[in-house]
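One file, my_file.cif, carrying mmCIF, N, CA and C atoms:
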data_query
#
loop_
_atom_site.label_atom_id
_atom_site.label_comp_id
_atom_site.auth_asym_id
_atom_site.auth_seq_id
_atom_site.Cartn_x
_atom_site.Cartn_y
_atom_site.Cartn_z
N MET G 1 43.84 39.06 -0.04
CA MET G 1 44.21 38.38 -1.27
C MET G 1 43.34 38.88 -2.42
N GLY G 2 42.06 39.07 -2.14
CA GLY G 2 41.16 39.58 -3.16
C GLY G 2 41.58 40.94 -3.67
N ARG G 3 42.00 41.80 -2.76
CA ARG G 3 42.46 43.14 -3.15
C ARG G 3 43.72 43.04 -4.00
N LEU G 4 44.66 42.16 -3.61
CA LEU G 4 45.89 42.00 -4.39
C LEU G 4 45.59 41.46 -5.79
N ILE G 5 44.62 40.57 -5.90
CA ILE G 5 44.21 40.08 -7.21
C ILE G 5 43.59 41.22 -8.02
N ASP G 6 42.66 41.96 -7.39
CA ASP G 6 41.99 43.08 -8.08
C ASP G 6 42.97 44.14 -8.55
N GLU G 7 44.02 44.36 -7.77
CA GLU G 7 45.00 45.38 -8.13
C GLU G 7 46.08 44.86 -9.08
N GLY G 8 46.00 43.58 -9.43
CA GLY G 8 46.94 43.02 -10.40
C GLY G 8 48.28 42.59 -9.84
N TRP G 9 48.43 42.58 -8.53
CA TRP G 9 49.70 42.20 -7.93
C TRP G 9 49.92 40.69 -7.97
N ILE G 10 48.84 39.93 -7.87
CA ILE G 10 48.92 38.47 -7.94
C ILE G 10 47.81 37.95 -8.84
N LYS G 11 48.01 36.79 -9.42
CA LYS G 11 46.98 36.17 -10.28
C LYS G 11 46.04 35.29 -9.47
N GLY G 12 46.55 34.72 -8.38
CA GLY G 12 45.74 33.84 -7.56
C GLY G 12 46.45 33.59 -6.24
N TRP G 13 45.82 32.79 -5.42
CA TRP G 13 46.40 32.50 -4.11
C TRP G 13 46.02 31.10 -3.69
N GLY G 14 46.75 30.58 -2.71
CA GLY G 14 46.48 29.23 -2.27
C GLY G 14 46.58 29.05 -0.77
N LEU G 15 46.21 27.86 -0.36
CA LEU G 15 46.22 27.48 1.05
C LEU G 15 47.09 26.24 1.21
N SER G 16 47.69 26.09 2.38
CA SER G 16 48.55 24.94 2.62
C SER G 16 48.21 24.28 3.95
N GLN G 17 48.15 22.95 3.93
CA GLN G 17 47.90 22.16 5.12
C GLN G 17 46.63 22.60 5.85
N VAL G 18 45.51 22.55 5.15
CA VAL G 18 44.25 23.04 5.70
C VAL G 18 43.27 21.90 5.97
N ALA G 19 42.34 22.17 6.88
CA ALA G 19 41.24 21.25 7.15
C ALA G 19 40.19 21.43 6.06
N VAL G 20 39.27 20.50 5.96
CA VAL G 20 38.32 20.48 4.85
C VAL G 20 37.44 21.72 4.78
N ASP G 21 37.06 22.32 5.88
CA ASP G 21 36.16 23.46 5.81
C ASP G 21 36.86 24.75 5.39
N THR G 22 38.17 24.80 5.50
CA THR G 22 38.91 26.04 5.19
C THR G 22 38.83 26.43 3.71
N PRO G 23 39.05 25.51 2.75
CA PRO G 23 38.93 25.94 1.35
C PRO G 23 37.54 26.47 1.01
N ASP G 24 36.50 25.80 1.52
CA ASP G 24 35.13 26.26 1.24
C ASP G 24 34.89 27.66 1.79
N LYS G 25 35.26 27.87 3.05
CA LYS G 25 35.07 29.19 3.67
C LYS G 25 35.89 30.25 2.95
N SER G 26 37.15 29.95 2.67
CA SER G 26 38.04 30.92 2.02
C SER G 26 37.56 31.24 0.61
N HIS G 27 37.13 30.22 -0.10
CA HIS G 27 36.71 30.38 -1.50
C HIS G 27 35.49 31.31 -1.60
N LYS G 28 34.65 31.31 -0.57
CA LYS G 28 33.47 32.19 -0.57
C LYS G 28 33.88 33.66 -0.44
N VAL G 29 35.02 33.92 0.21
CA VAL G 29 35.50 35.29 0.38
C VAL G 29 36.26 35.75 -0.86
N THR G 30 37.24 34.97 -1.27
CA THR G 30 38.05 35.24 -2.46
C THR G 30 38.38 33.89 -3.09
N PRO G 31 38.05 33.70 -4.37
CA PRO G 31 38.31 32.40 -5.00
C PRO G 31 39.76 31.92 -4.79
N VAL G 32 39.86 30.68 -4.33
CA VAL G 32 41.15 30.06 -4.05
C VAL G 32 41.64 29.38 -5.33
N SER G 33 42.91 29.55 -5.65
CA SER G 33 43.50 28.94 -6.85
C SER G 33 44.00 27.53 -6.60
N ALA G 34 44.58 27.29 -5.42
CA ALA G 34 45.19 25.99 -5.17
C ALA G 34 45.22 25.68 -3.67
N VAL G 35 45.20 24.39 -3.39
CA VAL G 35 45.36 23.88 -2.03
C VAL G 35 46.53 22.91 -2.06
N GLN G 36 47.42 23.04 -1.07
CA GLN G 36 48.58 22.15 -0.97
C GLN G 36 48.55 21.46 0.39
N ASN G 37 48.20 20.19 0.38
CA ASN G 37 48.19 19.38 1.60
C ASN G 37 49.08 18.16 1.38
N ILE G 38 49.46 17.52 2.48
CA ILE G 38 50.25 16.28 2.38
C ILE G 38 49.45 15.26 1.60
N TYR G 39 50.09 14.69 0.57
CA TYR G 39 49.44 13.66 -0.23
C TYR G 39 50.50 12.80 -0.90
N SER G 40 50.41 11.51 -0.64
CA SER G 40 51.32 10.55 -1.27
C SER G 40 50.64 9.18 -1.20
N MET G 41 51.35 8.17 -1.66
CA MET G 41 50.82 6.81 -1.56
C MET G 41 50.62 6.40 -0.10
N LEU G 42 51.34 7.03 0.80
CA LEU G 42 51.23 6.71 2.23
C LEU G 42 50.22 7.59 2.96
N GLU G 43 49.99 8.77 2.46
CA GLU G 43 49.10 9.75 3.10
C GLU G 43 48.01 10.14 2.12
N ARG G 44 46.86 9.48 2.20
CA ARG G 44 45.81 9.68 1.21
C ARG G 44 44.54 10.29 1.79
N ASP G 45 44.62 10.86 2.98
CA ASP G 45 43.43 11.40 3.63
C ASP G 45 42.72 12.46 2.79
N CYS G 46 43.45 13.20 1.98
CA CYS G 46 42.86 14.26 1.15
C CYS G 46 41.76 13.74 0.21
N GLU G 47 41.86 12.46 -0.13
CA GLU G 47 40.89 11.90 -1.06
C GLU G 47 39.47 11.91 -0.49
N LYS G 48 39.36 11.87 0.84
CA LYS G 48 38.05 11.81 1.48
C LYS G 48 37.28 13.12 1.40
N ASP G 49 37.96 14.22 1.67
CA ASP G 49 37.22 15.47 1.77
C ASP G 49 37.86 16.67 1.07
N ILE G 50 39.17 16.77 1.08
CA ILE G 50 39.83 17.92 0.44
C ILE G 50 39.63 17.87 -1.07
N PHE G 51 39.92 16.72 -1.70
CA PHE G 51 39.78 16.62 -3.15
C PHE G 51 38.35 16.90 -3.62
N PRO G 52 37.33 16.30 -2.99
CA PRO G 52 35.96 16.61 -3.42
C PRO G 52 35.62 18.10 -3.28
N SER G 53 36.09 18.73 -2.21
CA SER G 53 35.86 20.16 -2.03
C SER G 53 36.53 20.97 -3.14
N CYS G 54 37.77 20.60 -3.47
CA CYS G 54 38.50 21.31 -4.52
C CYS G 54 37.85 21.09 -5.88
N ILE G 55 37.39 19.88 -6.15
CA ILE G 55 36.71 19.60 -7.42
C ILE G 55 35.45 20.44 -7.51
N LYS G 56 34.67 20.45 -6.44
CA LYS G 56 33.42 21.23 -6.41
C LYS G 56 33.67 22.71 -6.69
N ASN G 57 34.76 23.24 -6.15
CA ASN G 57 35.05 24.68 -6.28
C ASN G 57 36.05 25.01 -7.38
N ASN G 58 36.44 24.01 -8.20
CA ASN G 58 37.41 24.22 -9.28
C ASN G 58 38.73 24.79 -8.75
N ILE G 59 39.20 24.19 -7.66
CA ILE G 59 40.45 24.60 -7.03
C ILE G 59 41.52 23.56 -7.37
N GLY G 60 42.69 24.01 -7.80
CA GLY G 60 43.79 23.10 -8.09
C GLY G 60 44.36 22.51 -6.82
N VAL G 61 44.96 21.34 -6.95
CA VAL G 61 45.62 20.67 -5.83
C VAL G 61 47.09 20.49 -6.15
N VAL G 62 47.94 20.87 -5.21
CA VAL G 62 49.38 20.69 -5.34
C VAL G 62 49.81 19.77 -4.20
N PRO G 63 50.12 18.50 -4.50
CA PRO G 63 50.51 17.59 -3.42
C PRO G 63 51.77 18.07 -2.71
N PHE G 64 51.72 18.01 -1.38
CA PHE G 64 52.88 18.32 -0.55
C PHE G 64 53.50 16.99 -0.14
N SER G 65 54.78 16.84 -0.36
CA SER G 65 55.54 15.65 0.01
C SER G 65 55.04 14.39 -0.72
N PRO G 66 54.94 14.45 -2.05
CA PRO G 66 54.41 13.30 -2.80
C PRO G 66 55.26 12.04 -2.74
N ILE G 67 56.53 12.17 -2.36
CA ILE G 67 57.33 10.95 -2.18
C ILE G 67 57.59 10.68 -0.69
N ALA G 68 56.64 11.15 0.13
CA ALA G 68 56.63 10.84 1.56
C ALA G 68 57.97 11.19 2.23
N SER G 69 58.35 12.44 2.10
CA SER G 69 59.59 12.94 2.72
C SER G 69 60.82 12.15 2.30
N GLY G 70 60.77 11.57 1.11
CA GLY G 70 61.90 10.83 0.58
C GLY G 70 61.77 9.32 0.70
N PHE G 71 60.88 8.83 1.55
CA PHE G 71 60.75 7.38 1.75
C PHE G 71 60.45 6.66 0.45
N LEU G 72 59.49 7.16 -0.33
CA LEU G 72 59.08 6.47 -1.55
C LEU G 72 60.12 6.56 -2.67
N SER G 73 61.17 7.34 -2.45
CA SER G 73 62.26 7.40 -3.43
C SER G 73 63.18 6.20 -3.31
N GLY G 74 63.07 5.48 -2.19
CA GLY G 74 63.95 4.35 -1.94
C GLY G 74 65.30 4.76 -1.39
N LYS G 75 65.47 6.04 -1.11
CA LYS G 75 66.77 6.53 -0.65
C LYS G 75 66.82 6.80 0.85
N VAL G 76 65.73 6.50 1.56
CA VAL G 76 65.71 6.67 3.01
C VAL G 76 65.67 5.27 3.62
N ALA G 77 66.64 4.98 4.47
CA ALA G 77 66.73 3.67 5.12
C ALA G 77 66.72 3.84 6.63
N THR G 78 66.64 2.73 7.34
CA THR G 78 66.59 2.80 8.80
C THR G 78 67.85 3.43 9.39
N ASP G 79 68.95 3.41 8.66
CA ASP G 79 70.18 4.01 9.17
C ASP G 79 70.41 5.44 8.66
N THR G 80 69.44 6.00 7.90
CA THR G 80 69.57 7.37 7.41
C THR G 80 69.51 8.34 8.58
N LYS G 81 70.45 9.25 8.62
CA LYS G 81 70.50 10.26 9.68
C LYS G 81 70.09 11.62 9.11
N PHE G 82 69.08 12.22 9.71
CA PHE G 82 68.66 13.56 9.32
C PHE G 82 69.26 14.52 10.33
N GLU G 83 70.10 15.43 9.85
CA GLU G 83 70.87 16.28 10.75
C GLU G 83 70.56 17.75 10.51
N GLY G 84 71.04 18.57 11.41
CA GLY G 84 70.90 20.02 11.28
C GLY G 84 69.46 20.44 11.24
N ASP G 85 69.12 21.28 10.25
CA ASP G 85 67.76 21.80 10.18
C ASP G 85 66.84 20.96 9.29
N ASP G 86 67.22 19.73 8.99
CA ASP G 86 66.39 18.83 8.19
C ASP G 86 65.17 18.42 9.01
N VAL G 87 64.01 18.92 8.63
CA VAL G 87 62.79 18.68 9.40
C VAL G 87 62.34 17.22 9.37
N ARG G 88 62.91 16.44 8.47
CA ARG G 88 62.51 15.03 8.40
C ARG G 88 62.86 14.26 9.67
N LYS G 89 63.75 14.79 10.50
CA LYS G 89 64.05 14.10 11.76
C LYS G 89 62.84 14.12 12.70
N PHE G 90 61.83 14.95 12.39
CA PHE G 90 60.61 15.02 13.20
C PHE G 90 59.41 14.34 12.54
N VAL G 91 59.60 13.77 11.36
CA VAL G 91 58.49 13.17 10.61
C VAL G 91 58.24 11.75 11.12
N PRO G 92 57.07 11.51 11.71
CA PRO G 92 56.79 10.18 12.29
C PRO G 92 56.93 9.03 11.30
N GLN G 93 56.52 9.21 10.04
CA GLN G 93 56.60 8.09 9.09
C GLN G 93 58.04 7.70 8.78
N LEU G 94 59.02 8.52 9.18
CA LEU G 94 60.42 8.20 8.95
C LEU G 94 61.12 7.64 10.18
N SER G 95 60.33 7.33 11.21
CA SER G 95 60.94 6.67 12.38
C SER G 95 61.37 5.27 11.96
N LYS G 96 62.33 4.72 12.65
CA LYS G 96 62.84 3.39 12.31
C LYS G 96 61.70 2.37 12.26
N GLU G 97 60.83 2.41 13.25
CA GLU G 97 59.72 1.45 13.32
C GLU G 97 58.80 1.57 12.10
N ASN G 98 58.48 2.79 11.72
CA ASN G 98 57.58 2.99 10.58
C ASN G 98 58.26 2.66 9.25
N LEU G 99 59.56 2.93 9.16
CA LEU G 99 60.28 2.54 7.94
C LEU G 99 60.24 1.02 7.76
N VAL G 100 60.44 0.31 8.84
CA VAL G 100 60.39 -1.16 8.79
C VAL G 100 58.98 -1.62 8.43
N ALA G 101 57.97 -1.03 9.09
CA ALA G 101 56.58 -1.43 8.84
C ALA G 101 56.13 -1.14 7.42
N ASN G 102 56.66 -0.06 6.81
CA ASN G 102 56.24 0.32 5.46
C ASN G 102 57.13 -0.25 4.36
N GLN G 103 58.12 -1.03 4.73
CA GLN G 103 59.03 -1.61 3.74
C GLN G 103 58.30 -2.41 2.65
N PRO G 104 57.23 -3.15 2.97
CA PRO G 104 56.52 -3.86 1.90
C PRO G 104 56.00 -2.95 0.78
N ILE G 105 55.63 -1.74 1.13
CA ILE G 105 55.19 -0.77 0.11
C ILE G 105 56.36 -0.43 -0.80
N LEU G 106 57.51 -0.18 -0.19
CA LEU G 106 58.70 0.14 -0.98
C LEU G 106 59.13 -1.05 -1.84
N ASP G 107 58.97 -2.25 -1.33
CA ASP G 107 59.30 -3.45 -2.11
C ASP G 107 58.46 -3.51 -3.38
N VAL G 108 57.17 -3.21 -3.28
CA VAL G 108 56.28 -3.21 -4.45
C VAL G 108 56.72 -2.12 -5.44
N LEU G 109 57.03 -0.93 -4.92
CA LEU G 109 57.49 0.16 -5.79
C LEU G 109 58.77 -0.21 -6.51
N GLN G 110 59.70 -0.82 -5.78
CA GLN G 110 60.97 -1.22 -6.39
C GLN G 110 60.74 -2.24 -7.50
N LYS G 111 59.82 -3.17 -7.29
CA LYS G 111 59.51 -4.18 -8.30
C LYS G 111 58.99 -3.52 -9.58
N PHE G 112 58.01 -2.62 -9.43
CA PHE G 112 57.45 -1.97 -10.61
C PHE G 112 58.43 -0.99 -11.25
N ALA G 113 59.23 -0.32 -10.45
CA ALA G 113 60.24 0.59 -11.00
C ALA G 113 61.22 -0.19 -11.87
N LYS G 114 61.63 -1.35 -11.39
CA LYS G 114 62.56 -2.19 -12.17
C LYS G 114 61.91 -2.64 -13.48
N GLU G 115 60.65 -3.08 -13.41
CA GLU G 115 59.95 -3.52 -14.61
C GLU G 115 59.81 -2.39 -15.64
N LYS G 116 59.66 -1.18 -15.16
CA LYS G 116 59.45 -0.02 -16.04
C LYS G 116 60.75 0.73 -16.34
N ASP G 117 61.87 0.20 -15.84
CA ASP G 117 63.16 0.86 -16.00
C ASP G 117 63.08 2.31 -15.55
N ALA G 118 62.58 2.47 -14.31
CA ALA G 118 62.40 3.80 -13.74
C ALA G 118 62.87 3.79 -12.28
N THR G 119 62.93 4.94 -11.68
CA THR G 119 63.24 5.02 -10.25
C THR G 119 61.95 4.86 -9.45
N GLU G 120 62.09 4.59 -8.18
CA GLU G 120 60.91 4.50 -7.34
C GLU G 120 60.15 5.83 -7.31
N ALA G 121 60.88 6.91 -7.25
CA ALA G 121 60.23 8.24 -7.20
C ALA G 121 59.40 8.47 -8.46
#
Would you kindly transcribe this structure into structure tokens?
Amino acid sequence: MGRLIDEGWIKGWGLSQVAVDTPDKSHKVTPVSAVQNIYSMLERDCEKDIFPSCIKNNIGVVPFSPIASGFLSGKVATDTKFEGDDVRKFVPQLSKENLVANQPILDVLQKFAKEKDATEA
């Protein structure tokens, strides 16, 4: 990546779905421009270690799945069928049990979305 940057082929590079030590190690070799990990109101683990590492190294963060694979949009229900190559059929947070368990979060979002004349997303 460093060579591609030096030769002008790319302006920067990023990492996706990495553990906390990866951005630090990678950044020491060639400065990292961005990290993209799962981050949403339901998945906030990045706040513990990824975000502080990125702040320390001036690395941008691009949230992956910020509306939790569609759940936080209010358009995924317990009867939603994910078919074909839709990877959401493998996402644990979209199982029927988890959709039911997380419904109170969606209820709060729907309340505020209505007050703000906005969508849940």
Requested in this report: Give as a PyMOL selection string the residues that the PyMOL selection byres ((chain G and resi 17-27) around 7) matches when applied to the coordinates above.
Outcome: chain G and resi 15-16+28-32+35-38+49-50+53
Query raised in the report: If you run DSSP on this backbone, which residues of region 27-62 of chain G come out as alpha helix (DSSP H), and could you give them as a list of chain:residue names?
Result: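 DSSP on the backbone gives alpha helix (DSSP H) at G:His27, G:Lys28, G:Val29, G:Ile50, G:Phe51, G:Pro52, G:Ser53, G:Cys54, G:Ile55, G:Lys56, G:Asn57.
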Report task. Could you tell me which residues the PyMOL selection byres ((chain G and resi 68) around 8) returns for this structure, as a ChimeraX atom specification? Result -> /G:39-43,64-67,69-73,93-94
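When atom C of Phe90 (chain G) is paired with atom C of Ala118 (chain G), their separation reads 27.2 Å.
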Query raised in the report: Taking into account only C-alpha atoms, which residue in the set G:Val62, G:Ile5, G:Leu99, G:Cys54 is nearest to Asp79 (chain G)?
Result: G:Leu99
Query raised in the report: From the set G:Arg88, G:Lys116, G:Ser33, G:Lys96, which residue has the shortest atom-to-atom contact distance to Gly60 (chain G), counting only C-alpha atoms?
Result: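 The answer is G:Ser33, which sits nearest to Gly60 (chain G).
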Query raised in the report: Do you have the atom N of Gly12 (chain G)-atom N of Ala34 (chain G) distance handy?
Result: 8.2 Å
Query raised in the report: If you run DSSP on the backbone, which residues of chain G are strand (DSSP E or B), as a PyMOL selection string?
Result: chain G and resi 14-16+34-36+38+60-61+64
Query raised in the report: Which residues, written as JSON, numbers by chain, have at least one atom at most 8 Å from Ile10 (chain G), with only N, CA and C atoms counted and residues fewer than 6 positions away on the same chain left out?
Result: {"G": [1, 3, 4]}
N, CA and C atoms of region 103-117 of chain G, written as a JSON list (two decimals), in the first residue's frame:
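Once written, selection-v6.json looks like this:
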[["chain", "number", "residue", "atom", "x", "y", "z"],
["G", 103, "GLN", "N", -36.74, -5.23, 20.15],
["G", 103, "GLN", "CA", -37.88, -4.40, 19.77],
["G", 103, "GLN", "C", -37.98, -3.12, 20.62],
["G", 104, "PRO", "N", -37.71, -3.17, 21.93],
["G", 104, "PRO", "CA", -37.78, -1.92, 22.70],
["G", 104, "PRO", "C", -36.87, -0.80, 22.18],
["G", 105, "ILE", "N", -35.73, -1.17, 21.63],
["G", 105, "ILE", "CA", -34.83, -0.18, 21.03],
["G", 105, "ILE", "C", -35.51, 0.46, 19.82],
["G", 106, "LEU", "N", -36.12, -0.38, 19.00],
["G", 106, "LEU", "CA", -36.81, 0.13, 17.82],
["G", 106, "LEU", "C", -38.01, 0.99, 18.21],
["G", 107, "ASP", "N", -38.69, 0.62, 19.28],
["G", 107, "ASP", "CA", -39.82, 1.42, 19.77],
["G", 107, "ASP", "C", -39.37, 2.84, 20.13],
["G", 108, "VAL", "N", -38.23, 2.96, 20.79],
["G", 108, "VAL", "CA", -37.68, 4.28, 21.16],
["G", 108, "VAL", "C", -37.33, 5.06, 19.89],
["G", 109, "LEU", "N", -36.69, 4.40, 18.94],
["G", 109, "LEU", "CA", -36.33, 5.06, 17.67],
["G", 109, "LEU", "C", -37.56, 5.55, 16.94],
["G", 110, "GLN", "N", -38.60, 4.71, 16.90],
["G", 110, "GLN", "CA", -39.84, 5.10, 16.22],
["G", 110, "GLN", "C", -40.47, 6.31, 16.89],
["G", 111, "LYS", "N", -40.43, 6.36, 18.21],
["G", 111, "LYS", "CA", -40.99, 7.49, 18.95],
["G", 111, "LYS", "C", -40.27, 8.79, 18.58],
["G", 112, "PHE", "N", -38.93, 8.76, 18.61],
["G", 112, "PHE", "CA", -38.18, 9.96, 18.29],
["G", 112, "PHE", "C", -38.26, 10.32, 16.80],
["G", 113, "ALA", "N", -38.30, 9.32, 15.94],
["G", 113, "ALA", "CA", -38.44, 9.58, 14.51],
["G", 113, "ALA", "C", -39.76, 10.31, 14.25],
["G", 114, "LYS", "N", -40.81, 9.87, 14.90],
["G", 114, "LYS", "CA", -42.12, 10.51, 14.72],
["G", 114, "LYS", "C", -42.08, 11.96, 15.22],
["G", 115, "GLU", "N", -41.47, 12.17, 16.40],
["G", 115, "GLU", "CA", -41.37, 13.52, 16.95],
["G", 115, "GLU", "C", -40.58, 14.45, 16.03],
["G", 116, "LYS", "N", -39.59, 13.92, 15.35],
["G", 116, "LYS", "CA", -38.71, 14.71, 14.49],
["G", 116, "LYS", "C", -39.16, 14.69, 13.03],
["G", 117, "ASP", "N", -40.28, 14.03, 12.75],
["G", 117, "ASP", "CA", -40.76, 13.89, 11.38],
["G", 117, "ASP", "C", -39.67, 13.34, 10.48]]
